[in-house]
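Single-structure report; data block below.
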Amino acid sequence: MLTVRESLTKLKSQCAIWSNTPALDAQVLLSHICNKGRSWILAHPEIQLTSEQQSALNAVISRVETGEPLPYILGHWSFYGLDFKVNAETLIPRPETELMVENALQWLNAHPGRRSAIDIGTGSGCIAISLAVHIPDLNITGLDISLAALEVASINADKHDVTARLKFVHADLLPDNLLRSYDLICANLPYIPTKTLKGLDVFGREPTLALDGGPDGLRLIRRLLPQAAQILAPDGLLLLEIETTQGEIVLSLVGEFFPRAKVELLPDLAGHDRLIRIETFAKQSAKTFSSETL
């Protein structure tokens with residue numbers, strides 16, 4: 001049987017094929033296999049794995065060799081201080097998306113009377129659930145075109161005890177029965193241009209449905225904006241995550257449907273354009289849309 005040290009070496013060499021942090025990934029994976037913390041793993045390099053742990057190690061190495069992302073192998077991932085189940089049907093939650101949650105929570109805390117929200121493209125439910133956990137009286141609906149992703153989101157909602165205030169709906173953007181007023185709209189839609197996506201490491205490793213935004217990355221954003229203009233309540237907030245090169249063109253699109261809103265383009269922690277923040281006012285007159293627009 002391999003020792004902890006030998007197992008780490010083996011895992012690290014495999015992780016190095018796909019990861020920029022192979023040593024850390026190896027420690028996390030072996031912690032998962034041994035059901036021990038990373039500190040224990042590092043402090044006991046001479047311990048031999050059990051036969052069950054050796055079998056689990058071999059299975060994990062086989063998955064790593066195929067390029068399967070670490071969160072899928074672990075079956076869970078952290079987002080905004082919470083732990084979420086993830087699998088190959090859901091996008092892996094990313095730190096840059098926490099910017100959306102931070103802005104939403106700031107706005108909700110400043111507007112205690114505004115408690116209806118919708119999360120479009122909810123995936124694993126990480127945005128909607130994070131908001132529901134931190135705002136106990138928030139009522140929120142999560143939408144996604146993927147039934148498989150919604151199943152994972154429902155499990156996560158149960159895990160964090162917010163099911164009573166969080167409804168998940170299978171839909172392609174906004175269905176007619178949900179075209180009503182919302183105080184807060186969050187949307188993290190697929191926004192990577194198709195050609196760009198095919199050249200990224202993430203292509204084929206995470207669900208294309210959750211990443212591919214069409215030829216210019218704006219296919220779904222163009223469809224959403226007229227809907228959002230129709231349903232966002234006066235003095236409401238729309239948060240829209242974008243690809244880093246899309247800032248100026250999305251601002252232009254936003255101006256068509258929210259001509260008198262306060263619109264901001266916010267950077268993520270890396271300094272990249274990441275979030276469009278649209279705040280309407282009571283006298284904002286949103287443009288109407290028809291089914292032909294969609």
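Chain labels follow the order of the structure tokens: the first chain is A, the next B, and so on; residue numbering restarts at 1 in every chain, and ligands are counted from 1 in their shown order.
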- Test item: residues at most 8 Å from Leu70 in chain A, only C-alpha atoms, excluding those fewer than 5 positions along its chain, as a PyMOL selection string: chain A and resi 25+29+64
- Task: Fewer than 4 positions away in the same chain doesn't count, so skip those; otherwise give me all residues within 12 Å of Arg219 in chain A, counting only C-alpha atoms, as a VMD selection string.
- Result: chain A and resid 173 189 to 194 211 to 215 223 to 225 242 250 253 294
Selection above as a file: N, CA and C atoms, as a CSV table (one decimal), in the first residue's frame:
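After the write, part_17.csv holds the following:
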chain,number,residue,atom,x,y,z
A,173,LEU,N,-35.0,31.4,-19.7
A,173,LEU,CA,-35.2,32.8,-19.2
A,173,LEU,C,-36.5,32.9,-18.5
A,189,LEU,N,-25.8,34.5,-16.8
A,189,LEU,CA,-26.2,33.7,-17.9
A,189,LEU,C,-24.9,33.3,-18.7
A,190,PRO,N,-25.0,32.3,-19.5
A,190,PRO,CA,-23.9,31.9,-20.4
A,190,PRO,C,-23.5,33.1,-21.2
A,191,TYR,N,-22.2,33.5,-21.2
A,191,TYR,CA,-21.8,34.7,-21.9
A,191,TYR,C,-20.5,34.6,-22.6
A,192,ILE,N,-19.9,33.4,-22.7
A,192,ILE,CA,-18.6,33.2,-23.4
A,192,ILE,C,-18.9,33.0,-24.9
A,193,PRO,N,-18.3,33.8,-25.8
A,193,PRO,CA,-18.6,33.6,-27.2
A,193,PRO,C,-18.1,32.2,-27.6
A,194,THR,N,-18.9,31.6,-28.5
A,194,THR,CA,-18.7,30.2,-28.9
A,194,THR,C,-17.3,29.9,-29.3
A,211,LEU,N,-22.2,27.8,-20.4
A,211,LEU,CA,-21.1,28.7,-20.7
A,211,LEU,C,-21.3,29.4,-22.1
A,212,ASP,N,-21.9,28.7,-23.1
A,212,ASP,CA,-21.9,29.2,-24.4
A,212,ASP,C,-22.9,30.3,-24.6
A,213,GLY,N,-22.5,31.5,-24.9
A,213,GLY,CA,-23.4,32.7,-25.0
A,213,GLY,C,-23.6,33.0,-26.5
A,214,GLY,N,-23.3,32.1,-27.4
A,214,GLY,CA,-23.6,32.4,-28.8
A,214,GLY,C,-22.4,33.0,-29.5
A,215,PRO,N,-22.6,33.4,-30.8
A,215,PRO,CA,-21.4,34.0,-31.5
A,215,PRO,C,-20.7,35.1,-30.9
A,223,ARG,N,-31.8,38.7,-25.1
A,223,ARG,CA,-33.1,38.3,-24.8
A,223,ARG,C,-33.7,38.7,-23.5
A,224,LEU,N,-32.7,38.7,-22.5
A,224,LEU,CA,-33.2,39.0,-21.1
A,224,LEU,C,-33.5,40.5,-20.9
A,225,LEU,N,-32.7,41.4,-21.5
A,225,LEU,CA,-32.9,42.8,-21.1
A,225,LEU,C,-34.3,43.3,-21.4
A,242,ILE,N,-21.1,39.6,-16.7
A,242,ILE,CA,-20.7,39.6,-18.1
A,242,ILE,C,-19.3,39.1,-18.3
A,250,VAL,N,-22.5,45.9,-23.6
A,250,VAL,CA,-23.6,45.6,-22.7
A,250,VAL,C,-24.2,46.9,-22.2
A,253,LEU,N,-26.5,48.3,-24.8
A,253,LEU,CA,-27.7,47.5,-24.8
A,253,LEU,C,-28.6,47.9,-23.6
A,294,LEU,N,-38.5,38.2,-28.2
A,294,LEU,CA,-37.9,37.0,-27.6
A,294,LEU,C,-37.6,35.9,-28.6
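Among the candidate residues A:Ala233, A:Asn156, A:Ala110, A:Gly204, the one lying nearest to Ser78 in chain A is A:Asn156, with distances computed using only C-alpha atoms.
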- Message: Which residues are close to Ile278 in chain A, i.e. within 12 Å by only C-alpha atoms, leaving aside same-chain residues fewer than 5 positions away? Reply as an MDAnalysis selection string.
- Response: chainID A and resid 100 103:104 107 183:187 225 228:229 232:241 250:251 253:255 257:266 284
- Item | Within 9 Å of Asp273 in chain A using only C-alpha atoms, minus same-chain residues under 3 positions, as a PyMOL selection string | chain A and resi 242-247+265-268+270+276
- Taking the DSSP assignment computed from this structure's backbone, write out as a VMD selection string all residues of range 17-213 of chain A that belong to strand (DSSP E). chain A and resid 76 to 79 82 to 85 116 to 120 139 to 144 166 to 170 182 to 187
What does the file look like for those residues with C-alpha atoms, as a short mmCIF file (atom, residue, chain, number, x, y, z; two decimals), in the first residue's frame?
data_model
loop_
_atom_site.label_atom_id
_atom_site.label_comp_id
_atom_site.auth_asym_id
_atom_site.auth_seq_id
_atom_site.Cartn_x
_atom_site.Cartn_y
_atom_site.Cartn_z
CA HIS A 76 -18.99 19.93 -3.56
CA TRP A 77 -17.43 23.40 -3.64
CA SER A 78 -17.39 26.55 -1.54
CA PHE A 79 -19.09 29.80 -2.54
CA LEU A 82 -21.19 28.16 2.08
CA ASP A 83 -20.71 24.63 0.80
CA PHE A 84 -22.62 23.55 -2.33
CA LYS A 85 -23.10 20.21 -4.01
CA SER A 116 -39.00 39.67 -3.89
CA ALA A 117 -36.15 38.38 -6.03
CA ILE A 118 -35.44 36.18 -9.01
CA ASP A 119 -32.21 34.43 -10.01
CA ILE A 120 -32.06 33.67 -13.74
CA ASN A 139 -38.54 35.24 -1.15
CA ILE A 140 -36.66 34.20 -4.27
CA THR A 141 -37.27 32.16 -7.41
CA GLY A 142 -34.45 30.40 -9.25
CA LEU A 143 -34.80 29.64 -12.96
CA ASP A 144 -32.75 27.36 -15.18
CA LEU A 166 -36.92 29.49 -2.47
CA LYS A 167 -38.79 28.13 -5.48
CA PHE A 168 -37.03 26.59 -8.48
CA VAL A 169 -38.63 26.69 -11.92
CA HIS A 170 -37.61 24.96 -15.14
CA TYR A 182 -39.53 41.80 -8.84
CA ASP A 183 -37.49 44.04 -6.57
CA LEU A 184 -34.22 42.28 -7.38
CA ILE A 185 -33.12 40.41 -10.50
CA CYS A 186 -29.84 38.48 -10.57
CA ALA A 187 -28.66 36.94 -13.83
#
- Rank nothing, just name the residue among A:Ser146, A:Asn58, A:Ser31, A:Ser124 nearest to Gln14 in chain A, using only C-alpha atoms. A:Asn58
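When only C-alpha atoms are used to compute distances to Val86 in chain A, the closest of the residues A:Gln27, A:Ser51, A:Ser130, A:Ser154 turns out to be A:Ser154.
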- Find the residue from A:Asn109, A:Gln48, A:Gln53, A:Asn20 that sits nearest to Asp137 in chain A; use only C-alpha atoms when measuring.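 The shortest atom-to-atom distance to Asp137 in chain A comes from A:Asn109.
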- Measure the distance from CA of Leu218 in chain A to CA of Ile249 in chain A in Å and round it to one decimal.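 It comes out at 9.3 Å.
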